[in-house]
file target_18.cif (mmCIF, C-alpha atoms)
data_coords
loop_
_atom_site.label_atom_id
_atom_site.label_comp_id
_atom_site.auth_asym_id
_atom_site.auth_seq_id
_atom_site.Cartn_x
_atom_site.Cartn_y
_atom_site.Cartn_z
CA MET A 1 0.00 0.00 0.00
CA SER A 2 1.19 3.46 -0.77
CA ALA A 3 0.85 4.53 2.84
CA ASP A 4 3.88 2.42 3.72
CA ASN A 5 5.95 3.93 0.97
CA ASP A 6 5.02 7.38 2.01
CA SER A 7 6.32 7.27 5.56
CA PRO A 8 9.83 8.56 4.68
CA ASP A 9 8.17 11.37 2.72
CA LEU A 10 5.91 12.05 5.65
CA GLU A 11 8.81 12.16 8.03
CA ALA A 12 10.66 14.55 5.76
CA LEU A 13 7.55 16.67 5.52
CA PHE A 14 7.06 16.62 9.26
CA ASP A 15 10.69 17.58 9.84
CA SER A 16 10.60 20.39 7.33
CA ILE A 17 7.33 21.79 8.67
CA ALA A 18 8.54 21.53 12.24
CA ALA A 19 11.83 23.15 11.36
CA SER A 20 10.26 25.98 9.40
CA VAL A 21 7.58 26.69 11.96
CA HIS A 22 10.08 26.51 14.72
CA LEU A 23 12.54 28.83 13.04
CA GLU A 24 10.31 31.28 11.25
CA ALA A 25 6.66 30.61 11.83
CA PRO A 26 5.19 33.44 9.74
CA SER A 27 6.96 32.34 6.55
CA PRO A 28 5.84 29.03 5.06
CA ALA A 29 8.12 29.32 2.02
CA PRO A 30 10.64 26.64 3.07
CA VAL A 31 7.73 24.31 3.74
CA ALA A 32 6.52 24.83 0.23
CA ALA A 33 10.00 24.26 -1.09
CA ALA A 34 10.37 21.08 0.90
CA LEU A 35 6.96 19.98 -0.21
CA LYS A 36 7.77 20.57 -3.85
CA ALA A 37 10.51 18.00 -3.48
CA GLY A 38 7.78 15.36 -2.89
CA ASP A 39 6.98 13.00 -5.72
CA GLY A 40 3.78 11.64 -7.20
CA LYS A 41 0.68 13.49 -8.33
CA ASN A 42 -1.39 12.52 -5.32
CA LEU A 43 1.39 13.49 -3.03
CA GLN A 44 1.80 16.80 -4.80
CA ALA A 45 -1.91 17.57 -4.52
CA LEU A 46 -1.89 16.68 -0.86
CA PHE A 47 1.22 18.68 -0.29
CA ASP A 48 -0.41 21.65 -1.89
CA SER A 49 -3.41 21.36 0.41
CA VAL A 50 -1.09 20.94 3.37
CA VAL A 51 0.85 23.99 2.32
CA SER A 52 -2.28 26.12 2.45
CA GLY A 53 -3.18 24.46 5.74
CA ALA A 54 0.30 25.12 7.04
CA GLN A 55 -0.01 28.74 6.01
CA GLN A 56 -3.25 29.02 7.94
CA HIS A 57 -1.87 27.30 10.95
CA ALA A 58 1.24 29.37 10.75
CA VAL A 59 -0.79 32.58 10.61
CA GLU A 60 -3.02 31.41 13.45
CA SER A 61 -0.24 30.20 15.62
CA ALA A 62 2.14 33.03 14.95
CA PRO A 63 0.29 35.66 17.02
CA GLY A 64 -0.11 33.13 19.82
CA ALA A 65 3.59 32.43 19.76
CA GLN A 66 4.33 36.12 19.72
CA SER A 67 1.96 36.86 22.58
CA ALA A 68 3.38 33.95 24.53
CA GLY A 69 6.84 35.33 23.89
CA GLU A 70 5.65 38.75 24.99
CA ALA A 71 3.89 37.40 28.07
CA GLY A 72 7.11 36.32 29.62
CA GLU A 73 10.61 35.09 28.87
CA GLY A 74 11.22 31.36 29.52
CA SER A 75 7.61 30.47 28.84
CA ASP A 76 8.38 29.66 25.15
CA TRP A 77 7.75 25.94 25.59
CA PRO A 78 3.95 25.84 25.96
CA ALA A 79 3.59 27.84 22.78
CA GLN A 80 5.98 25.60 20.90
CA GLU A 81 4.23 22.53 22.27
CA ASN A 82 1.00 23.92 20.94
CA VAL A 83 2.56 24.29 17.51
CA PHE A 84 4.04 20.83 17.61
CA ASN A 85 0.68 19.37 18.62
CA ARG A 86 -1.01 21.06 15.73
CA ILE A 87 1.67 19.85 13.35
CA GLY A 88 1.42 16.37 14.78
CA GLN A 89 -2.29 16.39 14.14
CA MET A 90 -1.74 17.61 10.61
CA ALA A 91 0.80 14.89 9.95
CA ARG A 92 -1.61 12.29 11.26
CA GLN A 93 -4.40 13.70 9.14
CA LEU A 94 -2.13 13.64 6.13
CA HIS A 95 -1.17 10.08 6.85
CA THR A 96 -4.84 9.08 7.13
CA THR A 97 -5.68 10.88 3.93
CA LEU A 98 -2.85 9.16 2.14
CA ARG A 99 -4.04 5.79 3.36
CA GLU A 100 -7.51 6.64 2.19
CA LEU A 101 -6.06 7.67 -1.11
CA GLY A 102 -4.29 4.33 -1.28
CA TYR A 103 -7.57 2.56 -0.77
CA ASP A 104 -9.10 4.89 -3.27
CA ASP A 105 -6.54 3.72 -5.82
CA LEU A 106 -7.37 0.12 -5.01
CA LEU A 107 -11.05 0.86 -5.53
CA LYS A 108 -10.32 2.56 -8.83
CA ASN A 109 -8.25 -0.42 -9.92
CA THR A 110 -11.00 -2.77 -8.90
CA VAL A 111 -13.67 -0.78 -10.68
CA SER A 112 -11.63 -0.84 -13.87
CA ALA A 113 -10.62 -4.49 -13.39
CA LEU A 114 -14.17 -5.81 -12.97
CA PRO A 115 -15.48 -4.94 -16.46
CA ASP A 116 -12.18 -6.30 -17.76
CA ALA A 117 -12.79 -9.53 -15.84
CA LYS A 118 -16.31 -9.71 -17.26
CA ASP A 119 -14.92 -9.33 -20.77
CA ARG A 120 -12.32 -11.98 -20.06
CA LEU A 121 -14.90 -14.41 -18.72
CA ALA A 122 -17.11 -13.77 -21.74
CA TYR A 123 -14.06 -14.54 -23.86
CA VAL A 124 -13.57 -17.84 -22.00
CA ALA A 125 -17.23 -18.75 -22.40
CA ASN A 126 -17.00 -17.90 -26.08
CA LEU A 127 -13.87 -19.94 -26.75
CA THR A 128 -15.05 -22.99 -24.84
CA GLU A 129 -18.40 -22.90 -26.61
CA GLN A 130 -16.67 -22.67 -29.97
CA ALA A 131 -14.43 -25.58 -29.04
CA ALA A 132 -17.39 -27.69 -27.93
CA CYS A 133 -19.17 -26.94 -31.22
CA ARG A 134 -16.08 -27.78 -33.28
CA VAL A 135 -15.70 -31.13 -31.53
CA LEU A 136 -19.38 -31.98 -31.85
CA ASN A 137 -19.31 -31.01 -35.54
CA ALA A 138 -16.23 -33.16 -36.07
CA THR A 139 -17.89 -36.19 -34.49
CA ASP A 140 -20.98 -35.56 -36.60
CA VAL A 141 -18.79 -35.83 -39.72
CA ALA A 142 -16.64 -38.72 -38.51
CA GLN A 143 -19.40 -40.97 -37.21
CA PRO A 144 -21.14 -41.60 -40.58
CA ALA A 145 -17.75 -42.29 -42.18
CA MET A 146 -16.98 -44.85 -39.49
CA GLU A 147 -20.44 -46.41 -39.85
CA ALA A 148 -19.94 -46.71 -43.63
CA LEU A 149 -16.57 -48.36 -43.09
CA GLU A 150 -17.99 -50.77 -40.58
CA GLY A 151 -20.95 -51.62 -42.81
CA ALA A 152 -18.82 -52.27 -45.89
CA ALA A 153 -16.27 -54.32 -43.94
CA LYS A 154 -19.02 -56.46 -42.39
CA SER A 155 -20.66 -57.11 -45.76
CA LEU A 156 -17.35 -58.04 -47.42
CA GLY A 157 -16.40 -60.18 -44.40
CA ALA A 158 -19.68 -62.10 -44.60
CA ARG A 159 -19.07 -62.83 -48.27
CA TRP A 160 -15.47 -63.94 -47.58
CA ASP A 161 -16.90 -66.33 -44.96
CA LYS A 162 -18.94 -67.83 -47.80
CA VAL A 163 -15.76 -68.27 -49.86
CA PHE A 164 -14.22 -70.27 -47.06
CA ALA A 165 -17.42 -72.25 -46.76
CA ASN A 166 -17.18 -73.03 -50.50
CA GLN A 167 -20.54 -71.36 -51.11
CA LEU A 168 -19.49 -68.99 -53.89
CA THR A 169 -19.14 -69.62 -57.63
CA THR A 170 -15.93 -68.67 -59.41
CA ALA A 171 -17.62 -65.63 -60.96
CA GLU A 172 -18.96 -64.51 -57.56
CA PHE A 173 -15.52 -65.01 -56.07
CA ARG A 174 -13.97 -62.90 -58.82
CA GLY A 175 -16.56 -60.15 -58.15
CA LEU A 176 -15.85 -60.31 -54.41
CA ALA A 177 -12.11 -60.08 -54.98
CA GLU A 178 -12.56 -57.02 -57.21
CA GLU A 179 -14.92 -55.33 -54.73
CA THR A 180 -12.55 -56.05 -51.86
CA ARG A 181 -9.65 -54.61 -53.85
CA ALA A 182 -11.72 -51.49 -54.66
CA TYR A 183 -12.71 -51.18 -50.98
CA LEU A 184 -9.10 -51.46 -49.80
CA ASN A 185 -7.80 -49.02 -52.40
CA GLY A 186 -10.74 -46.60 -52.54
CA ALA A 187 -13.48 -46.40 -49.87
CA LEU A 188 -11.26 -47.45 -46.95
CA PRO A 189 -8.48 -44.84 -47.31
CA GLU A 190 -11.06 -42.23 -48.27
CA LYS A 191 -13.08 -42.75 -45.08
CA THR A 192 -10.05 -43.09 -42.82
CA GLY A 193 -8.80 -39.85 -44.37
CA ILE A 194 -12.07 -38.16 -43.38
CA VAL A 195 -11.90 -39.56 -39.85
CA ASN A 196 -8.25 -38.57 -39.49
CA ALA A 197 -9.02 -35.01 -40.59
CA GLN A 198 -11.79 -34.84 -37.97
CA LEU A 199 -9.49 -36.24 -35.27
CA MET A 200 -7.06 -33.48 -36.18
CA GLU A 201 -9.93 -30.98 -35.95
CA ILE A 202 -10.81 -32.29 -32.48
CA MET A 203 -7.21 -31.94 -31.43
CA MET A 204 -6.97 -28.40 -32.79
CA ALA A 205 -10.21 -27.46 -31.05
CA GLN A 206 -8.36 -27.88 -27.75
CA ASP A 207 -6.25 -24.81 -28.48
CA PHE A 208 -8.65 -22.79 -26.34
CA GLN A 209 -7.20 -24.33 -23.20
CA ASP A 210 -3.98 -22.37 -23.40
CA LEU A 211 -5.80 -19.07 -23.95
CA THR A 212 -8.57 -19.61 -21.42
CA GLY A 213 -6.05 -20.92 -18.90
CA GLN A 214 -4.10 -17.67 -18.99
CA VAL A 215 -7.24 -15.56 -18.77
CA ILE A 216 -8.68 -17.62 -15.94
CA LYS A 217 -5.46 -17.36 -13.93
CA LYS A 218 -5.64 -13.57 -14.14
CA ILE A 219 -9.27 -13.53 -13.04
CA VAL A 220 -8.56 -15.92 -10.20
CA ALA A 221 -5.84 -13.54 -8.99
CA LEU A 222 -8.24 -10.59 -9.19
CA ALA A 223 -10.95 -12.55 -7.39
CA GLN A 224 -8.52 -13.50 -4.65
CA ASP A 225 -7.51 -9.86 -4.13
CA LEU A 226 -11.15 -8.83 -3.98
CA GLU A 227 -12.06 -11.70 -1.71
CA ASN A 228 -9.26 -10.92 0.71
CA GLY A 229 -10.25 -7.26 0.88
CA LEU A 230 -13.94 -7.96 1.21
CA MET A 231 -13.46 -10.79 3.69
CA SER A 232 -11.33 -8.72 6.03
CA ALA A 233 -13.82 -5.86 5.80
CA LEU A 234 -16.77 -8.20 6.39
CA LEU A 235 -15.13 -10.05 9.25
CA GLU A 236 -14.69 -6.74 11.00
CA VAL A 237 -18.35 -5.78 10.78
CA VAL A 238 -20.30 -9.08 10.80
CA PRO A 239 -21.00 -10.39 14.29
CA GLN A 240 -20.12 -14.05 14.90
CA SER A 241 -23.76 -15.01 15.42
CA LYS A 242 -24.71 -13.87 11.92
CA ARG A 243 -22.09 -15.95 10.11
CA SER A 244 -24.29 -18.76 8.86
CA GLU A 245 -24.58 -19.97 5.28
CA VAL A 246 -27.66 -19.01 3.32
CA PRO A 247 -29.36 -22.16 2.04
CA ASN A 248 -29.48 -22.35 -1.75
CA LEU A 249 -30.25 -25.18 -4.15
CA MET A 250 -28.61 -23.72 -7.22
CA ASN A 251 -24.86 -23.69 -6.59
CA GLY A 252 -23.55 -25.17 -9.81
CA PRO A 253 -20.71 -27.68 -9.95
CA VAL A 254 -18.76 -28.38 -6.76
CA VAL A 255 -15.27 -27.20 -7.64
CA ASN A 256 -13.61 -28.42 -4.47
CA ALA A 257 -15.31 -31.19 -2.52
CA GLU A 258 -12.36 -31.81 -0.23
CA GLY A 259 -13.37 -31.83 3.41
CA ARG A 260 -17.08 -31.34 2.62
CA SER A 261 -19.66 -33.82 3.74
CA ASP A 262 -22.68 -32.05 2.27
CA VAL A 263 -21.88 -32.89 -1.36
CA VAL A 264 -21.51 -36.01 -3.47
CA VAL A 265 -18.47 -36.46 -5.69
CA ASN A 266 -19.64 -39.19 -8.04
CA GLN A 267 -22.67 -41.01 -9.39
CA GLN A 268 -22.17 -43.93 -6.99
CA GLN A 269 -22.70 -41.60 -4.02
CA VAL A 270 -25.87 -40.23 -5.63
CA ASP A 271 -27.19 -43.76 -6.05
CA ASP A 272 -26.19 -44.75 -2.54
CA LEU A 273 -27.88 -41.70 -1.06
CA LEU A 274 -31.10 -42.32 -2.99
CA ASP A 275 -31.03 -46.01 -2.05
CA SER A 276 -30.52 -45.18 1.61
CA LEU A 277 -33.59 -42.96 1.48
CA GLY A 278 -35.65 -45.64 -0.21
CA PHE A 279 -36.05 -43.93 -3.57
CA MET B 1 -36.62 -52.99 -24.32
CA PRO B 2 -38.34 -49.61 -24.62
CA ASP B 3 -39.71 -48.30 -27.87
CA SER B 4 -36.90 -46.59 -29.80
CA LYS B 5 -39.53 -44.26 -31.30
CA MET B 6 -40.28 -42.98 -27.79
CA LYS B 7 -40.43 -39.20 -27.85
CA ILE B 8 -37.89 -37.67 -25.49
CA LEU B 9 -37.55 -34.02 -24.43
CA VAL B 10 -34.03 -32.87 -23.53
CA VAL B 11 -34.01 -29.69 -21.40
CA ASP B 12 -30.77 -27.78 -20.82
CA ASP B 13 -29.82 -24.13 -21.24
CA PHE B 14 -26.50 -25.04 -22.89
CA SER B 15 -26.81 -26.13 -26.49
CA THR B 16 -23.64 -28.24 -26.32
CA MET B 17 -25.07 -30.23 -23.41
CA ARG B 18 -28.32 -30.78 -25.29
CA ARG B 19 -26.32 -31.95 -28.28
CA ILE B 20 -24.25 -34.35 -26.20
CA VAL B 21 -27.32 -35.86 -24.53
CA ARG B 22 -29.03 -36.08 -27.91
CA ASN B 23 -25.99 -37.85 -29.42
CA LEU B 24 -25.79 -40.27 -26.49
CA LEU B 25 -29.49 -41.03 -26.85
CA LYS B 26 -29.00 -41.59 -30.58
CA GLU B 27 -26.18 -43.97 -29.74
CA LEU B 28 -28.61 -45.84 -27.48
CA GLY B 29 -31.09 -46.09 -30.34
CA PHE B 30 -33.43 -43.20 -29.54
CA THR B 31 -33.94 -40.90 -32.50
CA ASN B 32 -37.19 -39.11 -31.69
CA ILE B 33 -35.76 -36.28 -29.62
CA ASP B 34 -36.80 -32.68 -29.10
CA GLU B 35 -34.97 -29.98 -27.16
CA ALA B 36 -35.95 -27.09 -24.87
CA GLU B 37 -33.60 -24.49 -23.43
CA ASP B 38 -35.35 -23.93 -20.12
CA GLY B 39 -38.17 -25.20 -17.94
CA ALA B 40 -40.72 -22.72 -19.28
CA ILE B 41 -40.17 -23.71 -22.90
CA ALA B 42 -40.10 -27.37 -21.86
CA LEU B 43 -43.48 -26.99 -20.18
CA GLN B 44 -44.96 -25.41 -23.32
CA LYS B 45 -43.64 -28.28 -25.44
CA LEU B 46 -44.84 -30.91 -22.95
CA ASN B 47 -48.33 -29.40 -22.95
CA GLY B 48 -48.41 -29.01 -26.73
CA ASP B 49 -47.18 -32.45 -27.73
CA THR B 50 -47.06 -36.02 -26.48
CA PHE B 51 -43.73 -36.79 -24.88
CA GLU B 52 -42.91 -40.03 -23.13
CA PHE B 53 -39.71 -39.07 -21.36
CA VAL B 54 -38.06 -35.91 -20.00
CA ILE B 55 -34.35 -35.41 -19.34
CA THR B 56 -33.68 -32.09 -17.62
CA ASP B 57 -30.91 -29.95 -16.19
CA TRP B 58 -31.50 -28.20 -12.85
CA ASN B 59 -29.98 -24.73 -13.02
CA MET B 60 -31.63 -22.88 -15.91
CA PRO B 61 -33.05 -19.39 -16.45
CA ASN B 62 -36.81 -18.63 -16.46
CA MET B 63 -37.77 -21.96 -14.91
CA ASP B 64 -35.32 -24.32 -13.24
CA GLY B 65 -35.44 -28.10 -13.48
CA LEU B 66 -36.85 -28.68 -10.00
CA THR B 67 -39.74 -26.30 -10.65
CA LEU B 68 -40.31 -28.03 -13.98
CA LEU B 69 -40.37 -31.40 -12.21
CA GLN B 70 -42.78 -30.13 -9.54
CA THR B 71 -45.03 -28.60 -12.18
CA VAL B 72 -45.03 -31.83 -14.20
CA ARG B 73 -45.91 -33.86 -11.10
CA SER B 74 -48.77 -31.51 -10.21
CA THR B 75 -50.23 -31.48 -13.73
CA PRO B 76 -52.71 -34.37 -14.14
CA THR B 77 -51.91 -34.87 -17.84
CA LEU B 78 -48.15 -34.92 -17.28
CA LYS B 79 -47.64 -36.38 -13.82
CA HIS B 80 -46.95 -39.91 -15.10
CA LEU B 81 -43.98 -38.69 -17.20
CA PRO B 82 -40.60 -40.09 -16.19
CA VAL B 83 -38.22 -37.21 -15.43
CA LEU B 84 -34.49 -37.87 -15.30
CA MET B 85 -32.36 -35.06 -13.90
CA ILE B 86 -28.85 -34.55 -15.26
CA THR B 87 -27.26 -31.73 -13.27
CA ALA B 88 -24.08 -30.30 -11.83
CA GLU B 89 -25.87 -29.71 -8.51
CA ALA B 90 -24.18 -32.19 -6.21
CA LYS B 91 -25.29 -31.21 -2.71
CA LYS B 92 -27.04 -33.93 -0.80
CA GLU B 93 -30.00 -31.63 -0.14
CA ASN B 94 -30.34 -31.20 -3.92
CA ILE B 95 -30.57 -34.93 -4.49
CA ILE B 96 -33.03 -35.32 -1.63
CA ALA B 97 -35.13 -32.40 -2.89
CA ALA B 98 -35.23 -33.90 -6.39
CA ALA B 99 -36.18 -37.33 -5.07
CA GLN B 100 -38.91 -35.87 -2.87
CA ALA B 101 -40.25 -33.89 -5.81
CA GLY B 102 -40.62 -37.16 -7.70
CA ALA B 103 -37.57 -37.35 -9.96
CA SER B 104 -37.27 -40.71 -11.69
CA GLY B 105 -33.48 -40.57 -11.63
CA TYR B 106 -30.59 -38.26 -10.77
CA ILE B 107 -27.30 -38.06 -12.65
CA VAL B 108 -24.49 -35.70 -11.60
CA LYS B 109 -22.37 -34.00 -14.23
CA PRO B 110 -19.87 -34.85 -15.51
CA PHE B 111 -21.39 -38.18 -16.44
CA THR B 112 -20.61 -41.04 -18.81
CA ALA B 113 -22.58 -42.70 -21.59
CA ALA B 114 -22.67 -45.85 -19.45
CA THR B 115 -24.30 -43.98 -16.54
CA LEU B 116 -26.97 -42.51 -18.79
CA SER B 117 -27.68 -45.91 -20.29
CA GLU B 118 -27.87 -47.57 -16.87
CA LYS B 119 -30.23 -44.96 -15.40
CA LEU B 120 -32.48 -45.02 -18.46
CA ASN B 121 -32.74 -48.80 -18.30
CA LYS B 122 -33.50 -48.67 -14.58
CA ILE B 123 -36.33 -46.22 -15.22
CA PHE B 124 -37.67 -48.33 -18.10
CA GLU B 125 -37.64 -51.41 -15.88
CA LYS B 126 -39.62 -49.58 -13.21
CA MET B 127 -42.06 -48.31 -15.83
CA ALA B 128 -42.53 -51.83 -17.20
CA ALA B 129 -43.07 -53.22 -13.70
CA ALA B 130 -45.63 -50.57 -12.82
#

call {"tool": "encode", "arguments": {"input": "target_18.cif", "output": "structure tokens"}}
result
Amino acid sequence: MSADNDSPDLEALFDSIAASVHLEAPSPAPVAAALKAGDGKNLQALFDSVVSGAQQHAVESAPGAQSAGEAGEGSDWPAQENVFNRIGQMARQLHTTLRELGYDDLLKNTVSALPDAKDRLAYVANLTEQAACRVLNATDVAQPAMEALEGAAKSLGARWDKVFANQLTTAEFRGLAEETRAYLNGALPEKTGIVNAQLMEIMMAQDFQDLTGQVIKKIVALAQDLENGLMSALLEVVPQSKRSEVPNLMNGPVVNAEGRSDVVVNQQQVDDLLDSLGF
Amino acid sequence: MPDSKMKILVVDDFSTMRRIVRNLLKELGFTNIDEAEDGAIALQKLNGDTFEFVITDWNMPNMDGLTLLQTVRSTPTLKHLPVLMITAEAKKENIIAAAQAGASGYIVKPFTAATLSEKLNKIFEKMAAA
């Protein structure tokens, strides 16, 4: 968080303000100079607001310091303490504001990341649907080719059985031999070619996995960040007694059944459960 | 063996799932298949035509599978229909709720062709015995 990174800056700021107020309270110029050395837009904006604040405080505190000085020698300390207290409060306020700004950045990031995550998930849904369609289309093409192969092979096989049973004439045998040759040289390689092309198509349809995998990893990381932030915020505000699960019958697939006794992990457990209940 | 001309309605909001179930049914010899993409459309089709078997998902928009099942069981003209649920919902209370609502069978996704075949046969046996 940026608040951590800012502490050296804050210290420098504190020192410079303290030094300048201590040395020459009515003139905030060195403060401004010191502040200008700060980096980052947010910091700069804050510094600017602090500068104006410091000017005010300086103007307010200056007469007090003067009157305290006038009231009596040796009583400088209460006045200086007053100034230091004010500066301490300012530094604290600045620190708080910076932290808030840090959270503000996180919120901004989240707000911009969420639509991005939605787009990414839509992309995953799109790619997986396309892949499923490609595979189903490929099987639709391959299955008839395989059925044709099987049918032709069975018919030829049955006729070859007749040859071995001496049930065919010489002319029939010649016809069978020619048909078998044509099948082996023509229909068979043609159909296996079709099936092979579809197997290749099925293989290529898996190319989504690489792309969706990368996208999903990014979204998982985002979700974890969000979950951590939300969980810690929720745990702070939700009383223990209210932390019960809301019953719901539409949860979708169980992605991690480990250590859960309220879900089934396979069909056998479904059957066992139904049997045990007498259904 | 059940009639292979038996008219079956496959209800799922994902077209790929409908296609897979349809292909598996074809593989098992059933060719008279219609599809619906949610419970509401399924109910329209069931009321408008004569179906003999329903295979439905649970989690769907408009009308979910459990509501479809309950509606079928409370409709005099449909209540005899066998309803097989194929769903990713795997909580025990889901399975119990489906059974209590009168589901004829319950298959959890992902499932195999063998599971579908086994559950169908079990339902047909019960139907024949009844």

call {"tool": "atom_distance", "arguments": {"input": "target_18.cif", "atom1": "atom CA of Ala177 of chain A", "atom2": "atom CA of Glu190 of chain A"}}
result
19.1 Å

call {"tool": "atom_distance", "arguments": {"input": "target_18.cif", "atom1": "atom CA of Lys162 of chain A", "atom2": "atom CA of Met146 of chain A"}}
result
24.5 Å

call {"tool": "resolve_selection", "arguments": {"input": "target_18.cif", "expression": "the PyMOL selection byres ((chain B) within 6 of (chain A))", "output": "PyMOL selection string"}}
result
chain B and resi 88-92

call {"tool": "closest_residue", "arguments": {"input": "target_18.cif", "among": "B:Asn121, B:Asn47, B:Gln70, B:Thr31", "to": "Lys7 of chain B", "atoms": "only C-alpha atoms"}}
result
B:Thr31

call {"tool": "atom_distance", "arguments": {"input": "target_18.cif", "atom1": "atom CA of Ile41 of chain B", "atom2": "atom CA of Phe124 of chain B"}}
result
25.2 Å

call {"tool": "residues_around", "arguments": {"input": "target_18.cif", "residues": "Arg120 of chain A", "least_positions_apart": "6", "cutoff": "8 Å", "atoms": "only C-alpha atoms", "output": "ChimeraX atom specification"}}
result
/A:215-216,219

call {"tool": "resolve_selection", "arguments": {"input": "target_18.cif", "expression": "the PyMOL selection byres ((chain B and resi 55-63) around 7)", "output": "PyMOL selection string"}}
result
(chain A and resi 250) or (chain B and resi 9-13+38-40+53-54+64-68+83-87)
